[in-house]
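Asks: Next up, model31.txt (compact mmCIF, C-alpha atoms).
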# COMPACT_ATOMS: atom_id res chain seq x y z
CA GLU O 1 -23.41 -2.74 32.17
CA TRP O 2 -20.39 -3.19 29.90
CA LYS O 3 -22.03 -0.95 27.28
CA LEU O 4 -22.27 1.85 29.83
CA PHE O 5 -18.60 1.98 30.66
CA CYS O 6 -17.53 1.37 27.04
CA LYS O 7 -19.46 4.52 26.15
CA SER O 8 -17.66 6.41 28.91
CA ARG O 9 -14.21 5.43 27.65
CA ILE O 10 -11.62 7.92 26.48
CA ILE O 11 -8.38 7.18 24.69
CA ASN O 12 -5.73 7.11 27.39
CA SER O 13 -2.58 5.11 26.86
CA TYR O 14 -0.14 6.92 29.11
CA ILE O 15 0.70 3.61 30.77
CA ASP O 16 4.13 2.10 31.23
CA PHE O 17 4.40 -1.40 29.81
CA SER O 18 7.14 -3.94 29.24
CA THR O 19 7.95 -5.43 25.84
CA ASN O 20 10.71 -6.13 23.37
CA ALA O 21 8.31 -5.37 20.54
CA THR O 22 8.78 -2.21 18.53
CA LYS O 23 6.46 0.40 20.02
CA MET O 24 5.31 3.78 18.75
CA PHE O 25 3.09 6.33 20.48
CA ASN O 26 0.39 7.64 18.15
CA THR O 27 -1.00 11.15 17.98
CA ASN O 28 -4.47 9.83 18.88
CA GLY O 29 -3.19 8.59 22.25
CA THR O 30 -2.81 4.90 21.43
CA TRP O 31 0.30 2.73 21.12
CA THR O 32 1.25 0.64 18.10
CA VAL O 33 3.33 -2.44 18.94
CA THR O 34 4.92 -4.75 16.36
CA ASN O 35 6.39 -8.22 16.76
CA ASN O 36 9.84 -7.94 15.23
CA TYR O 37 11.45 -10.48 17.54
CA ASN O 38 14.74 -11.96 16.33
CA THR O 39 14.64 -10.10 13.00
CA ASN O 40 18.35 -9.41 13.33
CA SER O 41 19.12 -13.09 13.68
CA THR O 42 20.49 -15.15 10.81
CA GLU O 43 17.84 -17.77 11.65
CA PHE O 44 14.43 -16.46 10.59
CA MET O 45 11.59 -17.77 12.73
CA ILE O 46 8.19 -16.38 11.76
CA ASP O 47 6.22 -18.09 14.57
CA THR O 48 7.88 -16.47 17.56
CA VAL O 49 5.51 -15.15 20.21
CA LEU O 50 6.30 -11.77 21.73
CA SER O 51 4.40 -10.33 24.70
CA ILE O 52 3.36 -6.88 25.88
CA CYS O 53 2.54 -6.44 29.58
CA GLY O 54 1.67 -3.50 31.81
CA LYS O 55 3.96 -2.71 34.72
CA LYS O 56 1.21 -1.52 37.06
CA GLU O 57 -2.30 -2.60 38.02
CA MET O 58 -5.05 -1.93 35.49
CA LEU O 59 -6.78 1.44 35.79
CA GLU O 60 -10.25 1.46 37.28
CA TYR O 61 -12.99 3.48 35.60
CA SER O 62 -14.56 6.34 37.49
CA THR O 63 -18.09 5.51 38.58
CA MET O 64 -20.55 7.03 36.12
CA HIS O 65 -23.77 6.17 34.29
CA GLY O 66 -24.72 3.84 37.14
CA MET O 67 -21.67 1.63 36.72
CA ALA O 68 -20.60 -0.74 39.47
CA ARG O 69 -17.21 0.01 40.99
CA GLY O 70 -14.05 -1.86 40.15
CA TRP O 71 -14.27 -2.17 36.36
CA CYS O 72 -11.15 -1.99 34.20
CA TYR O 73 -11.06 -2.30 30.41
CA PHE O 74 -8.57 -2.10 27.56
CA GLU O 75 -8.79 -2.74 23.87
CA ALA O 76 -6.56 -3.74 20.97
CA THR O 77 -6.94 -3.58 17.21
CA VAL O 78 -4.94 -6.59 16.06
CA TRP O 79 -3.48 -7.48 12.67
CA GLY O 80 -2.45 -11.15 12.68
CA GLY O 81 -2.55 -13.69 15.50
CA ALA O 82 -2.60 -12.83 19.19
CA SER O 83 -3.89 -13.50 22.68
CA ILE O 84 -5.28 -10.84 25.02
CA GLY O 85 -6.15 -10.83 28.72
CA ILE O 86 -4.85 -10.20 32.21
CA SER O 87 -1.68 -11.21 34.04
CA SER O 88 -0.91 -11.26 37.75
CA LEU O 89 1.23 -8.62 39.43
CA GLN O 90 1.89 -10.62 42.60
CA LYS O 91 4.79 -9.30 44.65
CA GLU O 92 6.64 -12.60 44.57
CA MET O 93 6.62 -12.40 40.77
CA GLU O 94 7.98 -8.88 40.39
CA GLU O 95 11.52 -9.99 39.61
CA ASN O 96 10.33 -12.38 36.91
CA SER O 97 6.89 -11.33 35.77
CA PRO O 98 5.21 -13.87 33.45
CA TYR O 99 5.10 -11.54 30.44
CA GLU O 100 8.01 -9.18 30.98
CA LEU O 101 10.20 -8.17 28.04
CA ALA O 102 10.87 -10.97 25.53
CA SER O 103 8.46 -13.56 26.91
CA GLU O 104 7.58 -16.13 24.28
CA ALA O 105 4.35 -17.22 25.97
CA HIS O 106 0.75 -16.49 25.07
CA VAL O 107 -1.51 -14.96 27.69
CA GLY O 108 -2.93 -17.78 29.81
CA TRP O 109 0.09 -20.07 29.56
CA ASN O 110 2.09 -18.74 32.52
CA PRO O 111 0.79 -18.28 36.09
CA ILE O 112 -1.27 -16.37 36.97
CA SER O 113 -2.93 -15.26 33.72
CA PHE O 114 -6.14 -15.54 31.69
CA GLY O 115 -6.22 -15.03 27.92
CA TYR O 116 -8.56 -15.13 24.93
CA HIS O 117 -6.75 -16.69 21.93
CA SER O 118 -7.25 -15.74 18.30
CA ASP O 119 -6.50 -19.11 16.70
CA ASP O 120 -9.24 -21.18 18.35
CA GLY O 121 -11.43 -18.69 20.28
CA GLN O 122 -10.75 -20.44 23.58
CA ILE O 123 -9.90 -19.08 27.01
CA TYR O 124 -6.52 -20.26 28.27
CA TRP O 125 -5.71 -19.86 31.93
CA ASN O 126 -3.14 -20.82 34.50
CA ASP O 127 -4.28 -20.10 38.06
CA THR O 128 -1.60 -22.01 39.93
CA ASN O 129 0.05 -20.29 42.89
CA ARG O 130 3.35 -21.99 42.14
CA HIS O 131 5.96 -19.69 40.62
CA VAL O 132 6.70 -21.97 37.67
CA MET O 133 7.14 -20.58 34.18
CA LEU O 134 6.28 -22.35 30.94
CA ASP O 135 9.92 -23.06 30.07
CA GLU O 136 10.38 -24.81 33.44
CA ILE O 137 7.59 -27.35 32.83
CA PRO O 138 8.68 -30.89 31.84
CA TRP O 139 8.31 -31.62 28.14
CA GLY O 140 4.86 -32.96 27.27
CA THR O 141 3.18 -31.44 30.34
CA ILE O 142 0.41 -28.88 29.77
CA PRO O 143 0.42 -26.39 32.66
CA TYR O 144 -2.66 -24.43 31.57
CA LYS O 145 -6.37 -25.15 31.09
CA THR O 146 -8.71 -24.26 28.24
CA LEU O 147 -12.38 -23.41 27.88
CA PRO O 148 -14.47 -22.90 24.70
CA TYR O 149 -15.57 -19.27 24.65
CA GLY O 150 -15.97 -17.16 21.51
CA PRO O 151 -15.15 -16.89 17.81
CA ASN O 152 -11.63 -17.27 16.56
CA TRP O 153 -10.30 -14.01 15.16
CA GLU O 154 -7.08 -14.85 13.37
CA PRO O 155 -6.72 -14.50 9.58
CA THR O 156 -7.50 -17.88 8.03
CA SER O 157 -5.10 -17.59 5.11
CA THR O 158 -1.77 -19.37 5.31
CA ILE O 159 0.76 -16.71 6.28
CA THR O 160 4.36 -16.83 5.15
CA ALA O 161 7.22 -14.40 5.58
CA LEU O 162 6.10 -12.66 2.37
CA ASP O 163 2.41 -12.31 3.22
CA TYR O 164 2.53 -9.19 5.42
CA ASN O 165 0.20 -7.35 3.02
CA THR O 166 -2.42 -10.04 3.62
CA ARG O 167 -2.16 -9.59 7.38
CA ASP O 168 -2.34 -5.81 7.12
CA SER O 169 -5.66 -6.03 5.31
CA ILE O 170 -7.42 -7.96 8.11
CA SER O 171 -7.87 -6.49 11.58
CA ASN O 172 -9.91 -7.40 14.65
CA ILE O 173 -10.90 -5.16 17.56
CA VAL O 174 -10.75 -7.20 20.76
CA GLY O 175 -11.36 -5.90 24.28
CA CYS O 176 -10.85 -7.23 27.80
CA GLY O 177 -12.84 -6.17 30.87
CA TYR O 178 -12.11 -7.12 34.48
CA ASN O 179 -13.71 -6.15 37.77
CA LYS O 180 -11.15 -6.08 40.57
CA ASN O 181 -13.88 -6.22 43.24
CA THR O 182 -15.91 -9.15 41.92
CA GLN O 183 -13.23 -10.91 39.83
CA LYS O 184 -15.55 -10.95 36.81
CA LEU O 185 -13.80 -11.19 33.44
CA PHE O 186 -15.17 -10.75 29.94
CA PHE O 187 -14.02 -10.08 26.39
CA THR O 188 -15.47 -8.25 23.41
CA HIS O 189 -14.97 -8.79 19.68
CA GLU O 190 -15.82 -6.04 17.21
CA GLU O 191 -17.74 -4.25 19.98
CA ARG O 192 -19.81 -7.35 20.75
CA PHE O 193 -19.99 -8.57 24.34
CA LEU O 194 -18.99 -12.26 24.42
CA GLY O 195 -20.14 -13.04 27.95
CA TYR O 196 -18.42 -13.56 31.27
CA VAL O 197 -15.65 -16.13 31.58
CA HIS O 198 -16.81 -18.82 34.00
CA VAL O 199 -13.57 -19.76 35.71
CA ASN O 200 -12.26 -19.08 39.20
CA ILE O 201 -10.04 -15.97 39.17
CA PRO O 202 -7.81 -15.43 42.24
CA ALA O 203 -8.24 -12.03 43.89
CA VAL O 204 -4.79 -10.58 43.18
CA GLN O 205 -3.59 -7.50 41.30
CA TYR O 206 -3.74 -7.79 37.50
CA THR O 207 -2.33 -5.88 34.59
CA ALA O 208 -3.18 -5.82 30.89
CA ALA O 209 -1.38 -8.37 28.71
CA LEU O 210 -1.15 -9.07 24.99
CA SER O 211 0.97 -11.55 23.03
CA LEU O 212 1.58 -11.36 19.28
CA GLN O 213 1.96 -14.70 17.50
CA SER O 214 4.35 -14.09 14.60
CA ILE O 215 6.90 -11.66 13.27
CA GLY O 216 5.04 -8.85 11.50
CA ASP O 217 1.91 -9.18 13.63
CA HIS O 218 1.03 -5.86 15.24
CA ALA O 219 -1.62 -4.14 17.33
CA GLU O 220 -2.90 -0.70 18.30
CA LEU O 221 -3.45 -0.56 22.05
CA ASN O 222 -5.83 1.68 23.97
CA PHE O 223 -5.56 1.32 27.75
CA GLY O 224 -8.17 4.02 28.37
Produce structure tokens that represent the structure in this file.
Replies:
Amino acid sequence: EWKLFCKSRIINSYIDFSTNATKMFNTNGTWTVTNNYNTNSTEFMIDTVLSICGKKEMLEYSTMHGMARGWCYFEATVWGGASIGISSLQKEMEENSPYELASEAHVGWNPISFGYHSDDGQIYWNDTNRHVMLDEIPWGTIPYKTLPYGPNWEPTSTITALDYNTRDSISNIVGCGYNKNTQKLFFTHEERFLGYVHVNIPAVQYTAALSLQSIGDHAELNFG
């Protein structure tokens, strides 16, 4: 079924999203976002996570080619390390959404979110109903869960502040699909379906979420 709606996709990124990353709208309808967090600081920190998060619920595909209703999908071409997935848009979280603006958390760390991580290929998720953010958790406590899932997709070379050319030469196309009626979640890598994620997903509103691992990491986003 996922192949049917992937074939029906069109590039459509006219979606409002929150981030402190540098963003640029491309002529092909996609967005390019770049992790440049803290580059104006005198203290250079290359491993500083920066998130990108939609402000509204994910768009549902129109029913066509025999598709079931409720499917949403977005895709990112990523250079560097990242996590991709979905984040809750619960009303009680609107004033402090898990991945608003300069969040330094990967998708799946904060409640409620589910993310596929590039460094180890695992699913990270936090399905707690408590409004507790990662920086409020006592030191040494792990608030999220993990599940082996797919291949890792982060460049294996050791990256330093001078290795941006190395990162720019290696990209991965990663997609995330979610059905708001059945709460099914899956990911794709290089157009290959990786299977459904077998975890319990609360039936709340979700938006697209992406976190970039290090300064210089960037992605081209297609929300269509």
Asks: Give me the residues near Trp71 (chain O) as a ChimeraX atom specification, where near means some atom within 7 Å (using all atoms listed in the file) and where sequence neighbours in that chain fewer than 5 positions away do not count.
Replies: /O:60-61,177-180
Asks: Those residues you just picked out, can you put them in a file as a PDB file, in the frame of the given file with C-alpha atoms?
Replies:
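Printed below is result33.pdb as written:
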ATOM      1  CA  GLU O  60     -10.250   1.460  37.280  1.00  0.00           C
ATOM      2  CA  TYR O  61     -12.990   3.480  35.600  1.00  0.00           C
ATOM      3  CA  GLY O 177     -12.840  -6.170  30.870  1.00  0.00           C
ATOM      4  CA  TYR O 178     -12.110  -7.120  34.480  1.00  0.00           C
ATOM      5  CA  ASN O 179     -13.710  -6.150  37.770  1.00  0.00           C
ATOM      6  CA  LYS O 180     -11.150  -6.080  40.570  1.00  0.00           C
TER       7      LYS O 180
END
Asks: Skip Ala82 (chain O) itself and residues of its chain fewer than 5 positions away, then list as an mmCIF file with C-alpha atoms, in the frame of the given file all residues within 10 Å of it, counting only C-alpha atoms.
Replies:
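For reference, out.cif as written:
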data_model
loop_
_atom_site.group_PDB
_atom_site.id
_atom_site.type_symbol
_atom_site.label_atom_id
_atom_site.label_comp_id
_atom_site.auth_asym_id
_atom_site.auth_seq_id
_atom_site.Cartn_x
_atom_site.Cartn_y
_atom_site.Cartn_z
ATOM 1 C CA VAL O 49 5.510 -15.150 20.210
ATOM 2 C CA LEU O 50 6.300 -11.770 21.730
ATOM 3 C CA SER O 51 4.400 -10.330 24.700
ATOM 4 C CA HIS O 106 0.750 -16.490 25.070
ATOM 5 C CA VAL O 107 -1.510 -14.960 27.690
ATOM 6 C CA GLY O 115 -6.220 -15.030 27.920
ATOM 7 C CA TYR O 116 -8.560 -15.130 24.930
ATOM 8 C CA HIS O 117 -6.750 -16.690 21.930
ATOM 9 C CA SER O 118 -7.250 -15.740 18.300
ATOM 10 C CA ASP O 119 -6.500 -19.110 16.700
ATOM 11 C CA TRP O 153 -10.300 -14.010 15.160
ATOM 12 C CA GLU O 154 -7.080 -14.850 13.370
ATOM 13 C CA LEU O 210 -1.150 -9.070 24.990
ATOM 14 C CA SER O 211 0.970 -11.550 23.030
ATOM 15 C CA LEU O 212 1.580 -11.360 19.280
ATOM 16 C CA GLN O 213 1.960 -14.700 17.500
ATOM 17 C CA SER O 214 4.350 -14.090 14.600
ATOM 18 C CA ASP O 217 1.910 -9.180 13.630
ATOM 19 C CA HIS O 218 1.030 -5.860 15.240
ATOM 20 C CA ALA O 219 -1.620 -4.140 17.330
#
Asks: Within 9 Å of (-6.9, -19.3, 33.8) (file coordinates; all atoms listed in the file), which protein or nucleic acid residues are there? I'd like them as a list in words.
Replies: Gly108, Trp109, Pro111, Ile112, Ser113, Phe114, Gly115, Ile123, Tyr124, Trp125, Asn126, Asp127, Thr128, Tyr144, Lys145, Thr146, Val199, Asn200 and Ile201 of chain O
Asks: Just the number, please: distance in Å from CA of Gly54 (chain O) to CA of Val204 (chain O), one decimal.
Replies: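 For CA of Gly54 (chain O) relative to CA of Val204 (chain O), the distance reads 14.9 Å.
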Asks: Find the residues around region 195-198 of chain O up to 8 Å (all atoms listed in the file counted), leave out those fewer than 3 positions away in its own chain, and share them as a list of chain:residue names.
Replies: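 With the cut-off at 8 Å, the set is O:Ile123, O:Tyr149, O:Lys184, O:Leu185, O:Phe186, O:Phe187.
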Asks: From the options O:Thr34, O:Ser83, O:Gln183, O:Ser169, which residue's atoms come nearest to Arg69 (chain O), counting all atoms listed in the file?
Replies: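 The shortest atom-to-atom distance to Arg69 (chain O) comes from O:Gln183.
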Asks: So what do you get for CA of Tyr206 (chain O) versus CA of Pro155 (chain O), distance-wise?
Replies: 28.9 Å
Asks: Counting all atoms listed in the file, find the residues whose atoms lie at most 9 Å from (-2.4, -5.5, 33.6) (file coordinates) and write them out as a ChimeraX atom specification.
Replies: /O:17,53-59,85-89,205-209
Asks: As an exercise, work out the distance from CA of Gly121 (chain O) to CA of Thr30 (chain O) in Å and give it to one decimal place.
Replies: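 Answer for the CA of Gly121 (chain O) to CA of Thr30 (chain O) separation: 25.1 Å.
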Asks: Counting only C-alpha atoms, which of O:Ile215, O:Ile15, O:Ile52, O:Ala203 gets nearest to Val33 (chain O)?
Replies: O:Ile52
